[in-house]
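Heads up: the structure comes next, in structure tokens.
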Amino acid sequence: MEILSFKDKEAKEILEEGQVLALPTETVYGVGVRWDSPSAYSRLCDAKKRRPTKPIAVMTGTKFVLDDFFILNEGTKRVIQRFLPGPLTVLVKAKENAPEQTHLGTFVAGIRIPGKPELLDFLNSLPFPLQVTSANISGQPATGSFEEVKRIFQDNPLVEGIVRGTCISSIPTTVIDCTGETPEIIREGEIKLVDIIKTYKGEEK
């Protein structure tokens, strides 16, 4: 396993080659792969011992055009504009051209644009979004510790590299479902449902 920084070209190369990279987000450490490689997706699931039928959110930078692959109504666009980048995952409907591994046939995908500046710059440098999930063995607690992630995966041949860094908050992201008529909370973190609803309806001042 290579120990890297976000500025190392090897970090980008690992993802381009369809390998798994561990990296710090603003909440917990994650493990990620490019969003358009079925073999990379399988490798990620195997590395975590995670069910391949359990969806993994799409993580991207601010340059990626979400409308090209996802159906976003005006309320959802307001939520994304106000709260992202930030600790929020938004569930939206995927278009036909979205990679199947992002929605697993449900045509519902989670979108995440992280607020960690170094990570955001790294994502903006990639020619593709990622799918990122917590850097742990499935069923075990998530962690924001570089040393803990290194301990978990250092002998795992499926994880090619780990980006050394720190996580800002131990509070998980808020997860909101925007596929219906009004947003529904799946998991509440720092961003609260009441504020999301106001923004969705265009009522915030």
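Following the order of the structure tokens, chains are lettered A, B, ..., residues in each are numbered from 1, and ligands are numbered from 1.
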
Test item: residues at most 10 Å from Gly180 in chain A, only C-alpha atoms, excluding those fewer than 3 positions along its chain, as a PyMOL selection string: chain A and resi 91-93+177+183-184

Any chance you can output those residues with N, CA and C atoms as a PDB file, in the first residue's frame?
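Produced file result.pdb, reproduced below:
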```pdb
ATOM      1  N   LEU A  91     -30.047  12.149  -2.418  1.00  0.00           N
ATOM      2  CA  LEU A  91     -30.529  11.074  -3.281  1.00  0.00           C
ATOM      3  C   LEU A  91     -31.394  11.666  -4.384  1.00  0.00           C
ATOM      4  N   VAL A  92     -31.059  11.344  -5.633  1.00  0.00           N
ATOM      5  CA  VAL A  92     -31.772  11.870  -6.794  1.00  0.00           C
ATOM      6  C   VAL A  92     -32.013  10.742  -7.787  1.00  0.00           C
ATOM      7  N   LYS A  93     -32.838  11.011  -8.768  1.00  0.00           N
ATOM      8  CA  LYS A  93     -33.082  10.020  -9.819  1.00  0.00           C
ATOM      9  C   LYS A  93     -31.983  10.104 -10.865  1.00  0.00           C
ATOM     10  N   ASP A 177     -33.425  12.394   0.847  1.00  0.00           N
ATOM     11  CA  ASP A 177     -34.017  11.794  -0.350  1.00  0.00           C
ATOM     12  C   ASP A 177     -34.829  12.863  -1.080  1.00  0.00           C
ATOM     13  N   PRO A 183     -38.496  16.650   0.173  1.00  0.00           N
ATOM     14  CA  PRO A 183     -37.346  15.924   0.711  1.00  0.00           C
ATOM     15  C   PRO A 183     -37.715  15.122   1.958  1.00  0.00           C
ATOM     16  N   GLU A 184     -37.126  13.931   2.060  1.00  0.00           N
ATOM     17  CA  GLU A 184     -37.302  13.093   3.241  1.00  0.00           C
ATOM     18  C   GLU A 184     -35.938  12.775   3.830  1.00  0.00           C
TER      19      GLU A 184
END
```

Excluding range 69-78 of chain A and its own-chain neighbours fewer than 4 positions away, which residues fall within 9 Å of it when counting only C-alpha atoms? Please give them as an NGL selection string. :A and (65 or 82-83 or 90 or 92-99 or 108-109 or 178-179 or 182-183 or 197 or 199-202)

DSSP on the backbone: what in range 19-183 of chain A comes out strand (DSSP E or B), as a PDB file with N, CA and C atoms, in the first residue's frame?
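Result file result-v1.pdb:
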```pdb
ATOM      1  N   VAL A  20      -8.430   0.775  -5.916  1.00  0.00           N
ATOM      2  CA  VAL A  20      -9.090   1.360  -4.741  1.00  0.00           C
ATOM      3  C   VAL A  20      -8.119   2.293  -4.019  1.00  0.00           C
ATOM      4  N   LEU A  21      -8.599   3.491  -3.662  1.00  0.00           N
ATOM      5  CA  LEU A  21      -7.816   4.474  -2.924  1.00  0.00           C
ATOM      6  C   LEU A  21      -8.557   4.860  -1.652  1.00  0.00           C
ATOM      7  N   ALA A  22      -7.850   4.855  -0.518  1.00  0.00           N
ATOM      8  CA  ALA A  22      -8.414   5.352   0.743  1.00  0.00           C
ATOM      9  C   ALA A  22      -8.065   6.833   0.868  1.00  0.00           C
ATOM     10  N   LEU A  23      -9.024   7.640   1.317  1.00  0.00           N
ATOM     11  CA  LEU A  23      -8.807   9.081   1.355  1.00  0.00           C
ATOM     12  C   LEU A  23      -9.654   9.734   2.434  1.00  0.00           C
ATOM     13  N   PRO A  24      -9.153  10.817   3.044  1.00  0.00           N
ATOM     14  CA  PRO A  24      -9.908  11.500   4.091  1.00  0.00           C
ATOM     15  C   PRO A  24     -10.958  12.444   3.517  1.00  0.00           C
ATOM     16  N   TYR A  29     -12.837   8.799   7.068  1.00  0.00           N
ATOM     17  CA  TYR A  29     -12.046   8.278   5.952  1.00  0.00           C
ATOM     18  C   TYR A  29     -12.943   7.457   5.038  1.00  0.00           C
ATOM     19  N   GLY A  30     -12.661   7.524   3.743  1.00  0.00           N
ATOM     20  CA  GLY A  30     -13.414   6.741   2.779  1.00  0.00           C
ATOM     21  C   GLY A  30     -12.495   5.904   1.918  1.00  0.00           C
ATOM     22  N   VAL A  31     -13.078   4.940   1.227  1.00  0.00           N
ATOM     23  CA  VAL A  31     -12.381   4.204   0.173  1.00  0.00           C
ATOM     24  C   VAL A  31     -13.197   4.406  -1.095  1.00  0.00           C
ATOM     25  N   GLY A  32     -12.481   4.688  -2.201  1.00  0.00           N
ATOM     26  CA  GLY A  32     -13.206   5.028  -3.409  1.00  0.00           C
ATOM     27  C   GLY A  32     -12.598   4.468  -4.673  1.00  0.00           C
ATOM     28  N   VAL A  33     -13.427   4.447  -5.715  1.00  0.00           N
ATOM     29  CA  VAL A  33     -13.026   4.015  -7.051  1.00  0.00           C
ATOM     30  C   VAL A  33     -13.730   4.901  -8.073  1.00  0.00           C
ATOM     31  N   ARG A  34     -13.261   4.853  -9.313  1.00  0.00           N
ATOM     32  CA  ARG A  34     -13.936   5.587 -10.375  1.00  0.00           C
ATOM     33  C   ARG A  34     -15.343   5.032 -10.569  1.00  0.00           C
ATOM     34  N   VAL A  58     -22.092   8.647  -5.121  1.00  0.00           N
ATOM     35  CA  VAL A  58     -21.205   9.297  -6.087  1.00  0.00           C
ATOM     36  C   VAL A  58     -20.606  10.535  -5.429  1.00  0.00           C
ATOM     37  N   MET A  59     -19.279  10.626  -5.445  1.00  0.00           N
ATOM     38  CA  MET A  59     -18.589  11.801  -4.902  1.00  0.00           C
ATOM     39  C   MET A  59     -17.879  12.519  -6.045  1.00  0.00           C
ATOM     40  N   PHE A  70     -28.147  13.145 -13.975  1.00  0.00           N
ATOM     41  CA  PHE A  70     -29.151  13.032 -12.926  1.00  0.00           C
ATOM     42  C   PHE A  70     -30.307  14.000 -13.166  1.00  0.00           C
ATOM     43  N   ILE A  71     -31.481  13.620 -12.696  1.00  0.00           N
ATOM     44  CA  ILE A  71     -32.683  14.441 -12.847  1.00  0.00           C
ATOM     45  C   ILE A  71     -32.814  15.321 -11.609  1.00  0.00           C
ATOM     46  N   LEU A  88     -23.335  16.685   3.121  1.00  0.00           N
ATOM     47  CA  LEU A  88     -24.683  16.307   2.725  1.00  0.00           C
ATOM     48  C   LEU A  88     -24.621  15.349   1.543  1.00  0.00           C
ATOM     49  N   THR A  89     -25.419  14.282   1.610  1.00  0.00           N
ATOM     50  CA  THR A  89     -25.612  13.382   0.479  1.00  0.00           C
ATOM     51  C   THR A  89     -27.058  13.523   0.022  1.00  0.00           C
ATOM     52  N   VAL A  90     -27.254  13.786  -1.262  1.00  0.00           N
ATOM     53  CA  VAL A  90     -28.591  14.004  -1.820  1.00  0.00           C
ATOM     54  C   VAL A  90     -28.949  12.834  -2.729  1.00  0.00           C
ATOM     55  N   LEU A  91     -30.047  12.149  -2.418  1.00  0.00           N
ATOM     56  CA  LEU A  91     -30.529  11.074  -3.281  1.00  0.00           C
ATOM     57  C   LEU A  91     -31.394  11.666  -4.384  1.00  0.00           C
ATOM     58  N   VAL A  92     -31.059  11.344  -5.633  1.00  0.00           N
ATOM     59  CA  VAL A  92     -31.772  11.870  -6.794  1.00  0.00           C
ATOM     60  C   VAL A  92     -32.013  10.742  -7.787  1.00  0.00           C
ATOM     61  N   LYS A  93     -32.838  11.011  -8.768  1.00  0.00           N
ATOM     62  CA  LYS A  93     -33.082  10.020  -9.819  1.00  0.00           C
ATOM     63  C   LYS A  93     -31.983  10.104 -10.865  1.00  0.00           C
ATOM     64  N   ALA A  94     -31.496   8.941 -11.275  1.00  0.00           N
ATOM     65  CA  ALA A  94     -30.440   8.867 -12.280  1.00  0.00           C
ATOM     66  C   ALA A  94     -31.040   8.744 -13.674  1.00  0.00           C
ATOM     67  N   VAL A 108     -31.838   5.375  -8.684  1.00  0.00           N
ATOM     68  CA  VAL A 108     -31.714   6.342  -7.595  1.00  0.00           C
ATOM     69  C   VAL A 108     -30.259   6.319  -7.144  1.00  0.00           C
ATOM     70  N   ALA A 109     -29.622   7.486  -7.141  1.00  0.00           N
ATOM     71  CA  ALA A 109     -28.212   7.568  -6.772  1.00  0.00           C
ATOM     72  C   ALA A 109     -28.006   8.661  -5.732  1.00  0.00           C
ATOM     73  N   GLY A 110     -26.993   8.472  -4.908  1.00  0.00           N
ATOM     74  CA  GLY A 110     -26.619   9.488  -3.928  1.00  0.00           C
ATOM     75  C   GLY A 110     -25.512  10.373  -4.483  1.00  0.00           C
ATOM     76  N   ILE A 111     -25.639  11.688  -4.310  1.00  0.00           N
ATOM     77  CA  ILE A 111     -24.639  12.652  -4.769  1.00  0.00           C
ATOM     78  C   ILE A 111     -23.987  13.311  -3.562  1.00  0.00           C
ATOM     79  N   ARG A 112     -22.673  13.386  -3.607  1.00  0.00           N
ATOM     80  CA  ARG A 112     -21.903  13.969  -2.512  1.00  0.00           C
ATOM     81  C   ARG A 112     -20.820  14.868  -3.089  1.00  0.00           C
ATOM     82  N   LEU A 130     -16.157   9.793  -8.474  1.00  0.00           N
ATOM     83  CA  LEU A 130     -15.828   8.573  -7.745  1.00  0.00           C
ATOM     84  C   LEU A 130     -17.077   8.008  -7.096  1.00  0.00           C
ATOM     85  N   GLN A 131     -16.980   6.774  -6.655  1.00  0.00           N
ATOM     86  CA  GLN A 131     -17.921   6.215  -5.689  1.00  0.00           C
ATOM     87  C   GLN A 131     -17.117   5.968  -4.434  1.00  0.00           C
ATOM     88  N   VAL A 132     -17.561   6.566  -3.331  1.00  0.00           N
ATOM     89  CA  VAL A 132     -16.804   6.517  -2.082  1.00  0.00           C
ATOM     90  C   VAL A 132     -17.707   6.065  -0.947  1.00  0.00           C
ATOM     91  N   THR A 133     -17.209   5.138  -0.151  1.00  0.00           N
ATOM     92  CA  THR A 133     -17.909   4.667   1.041  1.00  0.00           C
ATOM     93  C   THR A 133     -16.915   4.654   2.196  1.00  0.00           C
ATOM     94  N   SER A 134     -17.379   4.454   3.409  1.00  0.00           N
ATOM     95  CA  SER A 134     -16.507   4.558   4.571  1.00  0.00           C
ATOM     96  C   SER A 134     -15.385   3.525   4.540  1.00  0.00           C
ATOM     97  N   VAL A 159      -6.524  -2.714  -1.784  1.00  0.00           N
ATOM     98  CA  VAL A 159      -6.415  -1.265  -1.569  1.00  0.00           C
ATOM     99  C   VAL A 159      -4.996  -0.841  -1.926  1.00  0.00           C
ATOM    100  N   GLU A 160      -4.866  -0.088  -3.017  1.00  0.00           N
ATOM    101  CA  GLU A 160      -3.555   0.238  -3.574  1.00  0.00           C
ATOM    102  C   GLU A 160      -2.846   1.372  -2.848  1.00  0.00           C
ATOM    103  N   GLY A 161      -3.631   2.301  -2.281  1.00  0.00           N
ATOM    104  CA  GLY A 161      -2.987   3.452  -1.649  1.00  0.00           C
ATOM    105  C   GLY A 161      -3.892   4.113  -0.634  1.00  0.00           C
ATOM    106  N   ILE A 162      -3.269   4.917   0.228  1.00  0.00           N
ATOM    107  CA  ILE A 162      -4.017   5.688   1.220  1.00  0.00           C
ATOM    108  C   ILE A 162      -3.452   7.101   1.267  1.00  0.00           C
ATOM    109  N   VAL A 163      -4.327   8.081   1.217  1.00  0.00           N
ATOM    110  CA  VAL A 163      -3.924   9.482   1.302  1.00  0.00           C
ATOM    111  C   VAL A 163      -3.852   9.862   2.776  1.00  0.00           C
ATOM    112  N   THR A 174     -25.395  14.343   6.561  1.00  0.00           N
ATOM    113  CA  THR A 174     -26.845  14.250   6.438  1.00  0.00           C
ATOM    114  C   THR A 174     -27.164  13.581   5.101  1.00  0.00           C
ATOM    115  N   VAL A 175     -28.143  12.685   5.110  1.00  0.00           N
ATOM    116  CA  VAL A 175     -28.588  12.041   3.862  1.00  0.00           C
ATOM    117  C   VAL A 175     -30.055  12.399   3.650  1.00  0.00           C
ATOM    118  N   ILE A 176     -30.357  12.985   2.494  1.00  0.00           N
ATOM    119  CA  ILE A 176     -31.707  13.447   2.194  1.00  0.00           C
ATOM    120  C   ILE A 176     -32.175  12.830   0.877  1.00  0.00           C
ATOM    121  N   ASP A 177     -33.425  12.394   0.847  1.00  0.00           N
ATOM    122  CA  ASP A 177     -34.017  11.794  -0.350  1.00  0.00           C
ATOM    123  C   ASP A 177     -34.829  12.863  -1.080  1.00  0.00           C
TER     124      ASP A 177
END
```

Could the residues of range 71-166 of chain A that have an atom at most 7 Å from range 39-51 of chain A be listed as CSV, each with its closest atom pair and the distance in Å to one decimal, counting only C-alpha atoms and ordered by chain and ascending residue number?
```
residue,atom,partner,partner_atom,distance
A:Asn136,CA,A:Lys48,CA,6.3
A:Ile137,CA,A:Lys48,CA,4.5
A:Ser138,CA,A:Arg50,CA,5.3
A:Leu158,CA,A:Ala47,CA,5.6
A:Val159,CA,A:Ala47,CA,6.8
```

Selected residues, N, CA and C atoms, written as a tab-separated table (two decimals), in the first residue's frame, please.
```tsv
chain	number	residue	atom	x	y	z
A	136	ASN	N	-13.78	1.12	6.14
A	136	ASN	CA	-13.83	0.13	7.22
A	136	ASN	C	-14.27	-1.19	6.61
A	137	ILE	N	-14.21	-2.22	7.39
A	137	ILE	CA	-14.80	-3.49	6.99
A	137	ILE	C	-16.29	-3.39	7.26
A	138	SER	N	-17.11	-3.82	6.32
A	138	SER	CA	-18.56	-3.66	6.44
A	138	SER	C	-19.06	-4.19	7.78
A	158	LEU	N	-6.22	-5.41	-2.14
A	158	LEU	CA	-7.21	-4.75	-2.98
A	158	LEU	C	-7.20	-3.22	-2.82
A	159	VAL	N	-6.52	-2.71	-1.78
A	159	VAL	CA	-6.42	-1.26	-1.57
A	159	VAL	C	-5.00	-0.84	-1.93
```

So which residues of chain A fall under alpha helix (DSSP H) by DSSP, listed as a tab-separated table (two decimals) with N, CA and C atoms, in the first residue's frame?
```tsv
chain	number	residue	atom	x	y	z
A	9	LYS	N	0.81	12.34	-8.04
A	9	LYS	CA	0.17	11.84	-9.26
A	9	LYS	C	-0.23	10.38	-9.12
A	10	GLU	N	0.44	9.65	-8.24
A	10	GLU	CA	0.10	8.24	-8.03
A	10	GLU	C	-1.31	8.06	-7.50
A	11	ALA	N	-1.80	9.03	-6.72
A	11	ALA	CA	-3.16	8.93	-6.19
A	11	ALA	C	-4.17	8.95	-7.33
A	12	LYS	N	-3.95	9.83	-8.28
A	12	LYS	CA	-4.82	9.92	-9.45
A	12	LYS	C	-4.70	8.68	-10.33
A	13	GLU	N	-3.47	8.21	-10.47
A	13	GLU	CA	-3.23	7.04	-11.32
A	13	GLU	C	-3.91	5.79	-10.77
A	14	ILE	N	-3.92	5.63	-9.46
A	14	ILE	CA	-4.58	4.48	-8.84
A	14	ILE	C	-6.05	4.43	-9.27
A	15	LEU	N	-6.70	5.58	-9.22
A	15	LEU	CA	-8.12	5.65	-9.59
A	15	LEU	C	-8.32	5.47	-11.09
A	16	GLU	N	-7.45	6.06	-11.88
A	16	GLU	CA	-7.57	5.93	-13.34
A	16	GLU	C	-7.44	4.47	-13.77
A	38	PRO	N	-17.00	-1.40	-13.64
A	38	PRO	CA	-17.58	-2.50	-12.88
A	38	PRO	C	-16.54	-3.32	-12.11
A	39	SER	N	-15.36	-3.50	-12.69
A	39	SER	CA	-14.33	-4.27	-11.99
A	39	SER	C	-13.82	-3.51	-10.77
A	40	ALA	N	-13.71	-2.18	-10.88
A	40	ALA	CA	-13.29	-1.37	-9.74
A	40	ALA	C	-14.35	-1.42	-8.63
A	41	TYR	N	-15.61	-1.38	-9.04
A	41	TYR	CA	-16.71	-1.46	-8.07
A	41	TYR	C	-16.65	-2.80	-7.32
A	42	SER	N	-16.44	-3.89	-8.04
A	42	SER	CA	-16.34	-5.20	-7.40
A	42	SER	C	-15.15	-5.26	-6.45
A	43	ARG	N	-14.03	-4.65	-6.87
A	43	ARG	CA	-12.83	-4.63	-6.03
A	43	ARG	C	-13.09	-3.87	-4.73
A	44	LEU	N	-13.82	-2.76	-4.84
A	44	LEU	CA	-14.15	-1.97	-3.66
A	44	LEU	C	-15.02	-2.76	-2.69
A	45	CYS	N	-16.04	-3.41	-3.23
A	45	CYS	CA	-16.92	-4.22	-2.38
A	45	CYS	C	-16.17	-5.36	-1.71
A	46	ASP	N	-15.28	-6.01	-2.46
A	46	ASP	CA	-14.50	-7.11	-1.91
A	46	ASP	C	-13.54	-6.62	-0.82
A	47	ALA	N	-12.96	-5.45	-1.03
A	47	ALA	CA	-12.01	-4.90	-0.06
A	47	ALA	C	-12.68	-4.65	1.29
A	48	LYS	N	-13.94	-4.22	1.24
A	48	LYS	CA	-14.69	-3.92	2.46
A	48	LYS	C	-15.52	-5.10	2.97
A	74	GLU	N	-36.11	21.96	-9.55
A	74	GLU	CA	-35.64	23.27	-9.09
A	74	GLU	C	-35.36	23.28	-7.59
A	75	GLY	N	-36.19	22.58	-6.81
A	75	GLY	CA	-35.97	22.52	-5.36
A	75	GLY	C	-34.67	21.83	-5.02
A	76	THR	N	-34.40	20.72	-5.69
A	76	THR	CA	-33.16	19.99	-5.46
A	76	THR	C	-31.96	20.82	-5.86
A	77	LYS	N	-32.08	21.55	-6.95
A	77	LYS	CA	-30.97	22.43	-7.37
A	77	LYS	C	-30.69	23.49	-6.32
A	78	ARG	N	-31.73	24.02	-5.69
A	78	ARG	CA	-31.53	25.02	-4.64
A	78	ARG	C	-30.80	24.40	-3.45
A	79	VAL	N	-31.18	23.18	-3.08
A	79	VAL	CA	-30.52	22.49	-1.96
A	79	VAL	C	-29.05	22.27	-2.27
A	80	ILE	N	-28.75	21.80	-3.47
A	80	ILE	CA	-27.37	21.54	-3.87
A	80	ILE	C	-26.57	22.83	-3.88
A	81	GLN	N	-27.18	23.90	-4.41
A	81	GLN	CA	-26.48	25.17	-4.51
A	81	GLN	C	-26.15	25.74	-3.13
A	82	ARG	N	-27.06	25.56	-2.17
A	82	ARG	CA	-26.85	26.14	-0.85
A	82	ARG	C	-25.92	25.30	0.02
A	83	PHE	N	-26.10	23.98	0.02
A	83	PHE	CA	-25.43	23.14	1.01
A	83	PHE	C	-24.21	22.38	0.49
A	117	PRO	N	-11.35	21.17	1.41
A	117	PRO	CA	-10.75	21.85	0.24
A	117	PRO	C	-9.76	21.00	-0.55
A	118	GLU	N	-8.85	20.28	0.14
A	118	GLU	CA	-7.85	19.49	-0.58
A	118	GLU	C	-8.51	18.36	-1.38
A	119	LEU	N	-9.54	17.75	-0.77
A	119	LEU	CA	-10.26	16.68	-1.45
A	119	LEU	C	-11.04	17.24	-2.64
A	120	LEU	N	-11.65	18.39	-2.46
A	120	LEU	CA	-12.42	19.00	-3.55
A	120	LEU	C	-11.52	19.34	-4.73
A	121	ASP	N	-10.35	19.88	-4.44
A	121	ASP	CA	-9.39	20.18	-5.51
A	121	ASP	C	-8.98	18.90	-6.24
A	122	PHE	N	-8.76	17.84	-5.48
A	122	PHE	CA	-8.38	16.55	-6.06
A	122	PHE	C	-9.49	16.03	-6.97
A	123	LEU	N	-10.72	16.08	-6.50
A	123	LEU	CA	-11.85	15.61	-7.29
A	123	LEU	C	-12.01	16.43	-8.57
A	124	ASN	N	-11.78	17.72	-8.47
A	124	ASN	CA	-11.88	18.58	-9.66
A	124	ASN	C	-10.79	18.30	-10.67
A	125	SER	N	-9.71	17.66	-10.23
A	125	SER	CA	-8.61	17.33	-11.15
A	125	SER	C	-8.85	16.02	-11.88
A	146	PHE	N	-6.19	8.22	10.17
A	146	PHE	CA	-5.29	7.67	9.16
A	146	PHE	C	-4.65	6.38	9.65
A	147	GLU	N	-4.17	6.38	10.88
A	147	GLU	CA	-3.49	5.20	11.42
A	147	GLU	C	-4.42	4.00	11.49
A	148	GLU	N	-5.68	4.24	11.84
A	148	GLU	CA	-6.64	3.14	11.93
A	148	GLU	C	-6.95	2.56	10.55
A	149	VAL	N	-7.13	3.43	9.57
A	149	VAL	CA	-7.40	2.96	8.21
A	149	VAL	C	-6.19	2.20	7.67
A	150	LYS	N	-5.01	2.70	7.95
A	150	LYS	CA	-3.79	2.00	7.54
A	150	LYS	C	-3.73	0.61	8.16
A	151	ARG	N	-4.08	0.53	9.45
A	151	ARG	CA	-4.06	-0.77	10.13
A	151	ARG	C	-5.06	-1.73	9.51
A	152	ILE	N	-6.23	-1.23	9.17
A	152	ILE	CA	-7.29	-2.09	8.62
A	152	ILE	C	-6.91	-2.65	7.25
A	153	PHE	N	-6.31	-1.80	6.41
A	153	PHE	CA	-6.13	-2.17	5.00
A	153	PHE	C	-4.69	-2.42	4.56
A	193	LEU	N	-32.94	18.94	8.68
A	193	LEU	CA	-34.05	18.79	7.74
A	193	LEU	C	-34.83	20.08	7.58
A	194	VAL	N	-35.07	20.80	8.67
A	194	VAL	CA	-35.89	22.02	8.60
A	194	VAL	C	-35.25	23.04	7.65
A	195	ASP	N	-33.93	23.13	7.67
A	195	ASP	CA	-33.24	24.08	6.78
A	195	ASP	C	-33.28	23.61	5.33
A	196	ILE	N	-33.18	22.30	5.14
A	196	ILE	CA	-33.24	21.74	3.79
A	196	ILE	C	-34.62	21.98	3.18
A	197	ILE	N	-35.67	21.76	3.98
A	197	ILE	CA	-37.05	21.96	3.50
A	197	ILE	C	-37.28	23.41	3.09
A	198	LYS	N	-36.82	24.33	3.91
A	198	LYS	CA	-36.98	25.76	3.58
A	198	LYS	C	-36.28	26.11	2.28
A	199	THR	N	-35.07	25.58	2.11
A	199	THR	CA	-34.33	25.85	0.89
A	199	THR	C	-35.00	25.20	-0.31
A	200	TYR	N	-35.44	23.98	-0.14
A	200	TYR	CA	-36.11	23.25	-1.22
A	200	TYR	C	-37.34	24.03	-1.72
A	201	LYS	N	-38.08	24.60	-0.79
A	201	LYS	CA	-39.29	25.34	-1.14
A	201	LYS	C	-39.02	26.79	-1.53
```

I'd like the interatomic distance between CA of Gly165 in chain A and CA of Glu17 in chain A, to a tenth of an Å.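 Rounded to one decimal, the two atoms are 22.5 Å apart.
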
For a test of reading the model, state the distance in Å between CA of Glu203 in chain A and CA of Gly61 in chain A, rounded to one decimal. 26.9 Å

Which of A:Gly18, A:Pro52, A:Pro127, A:Pro87 sits closest to Glu190 in chain A [using only C-alpha atoms]: A:Pro87

Quick check, in Å to one decimal: how far apart do CA of Gln19 in chain A and CA of Gln101 in chain A lie?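 Computing it gives 15.4 Å between the two atoms.
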
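If you measure from each of A:Pro55, A:Arg187, A:Asp8, A:Ile168 to Phe107 in chain A using only C-alpha atoms, the closest one turns out to be A:Pro55.
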
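Distance annotation: of A:Pro141, A:Pro85, A:Pro157, A:Gly105, the residue with the minimal separation from Lys63 in chain A is A:Pro85; atom set is only C-alpha atoms.
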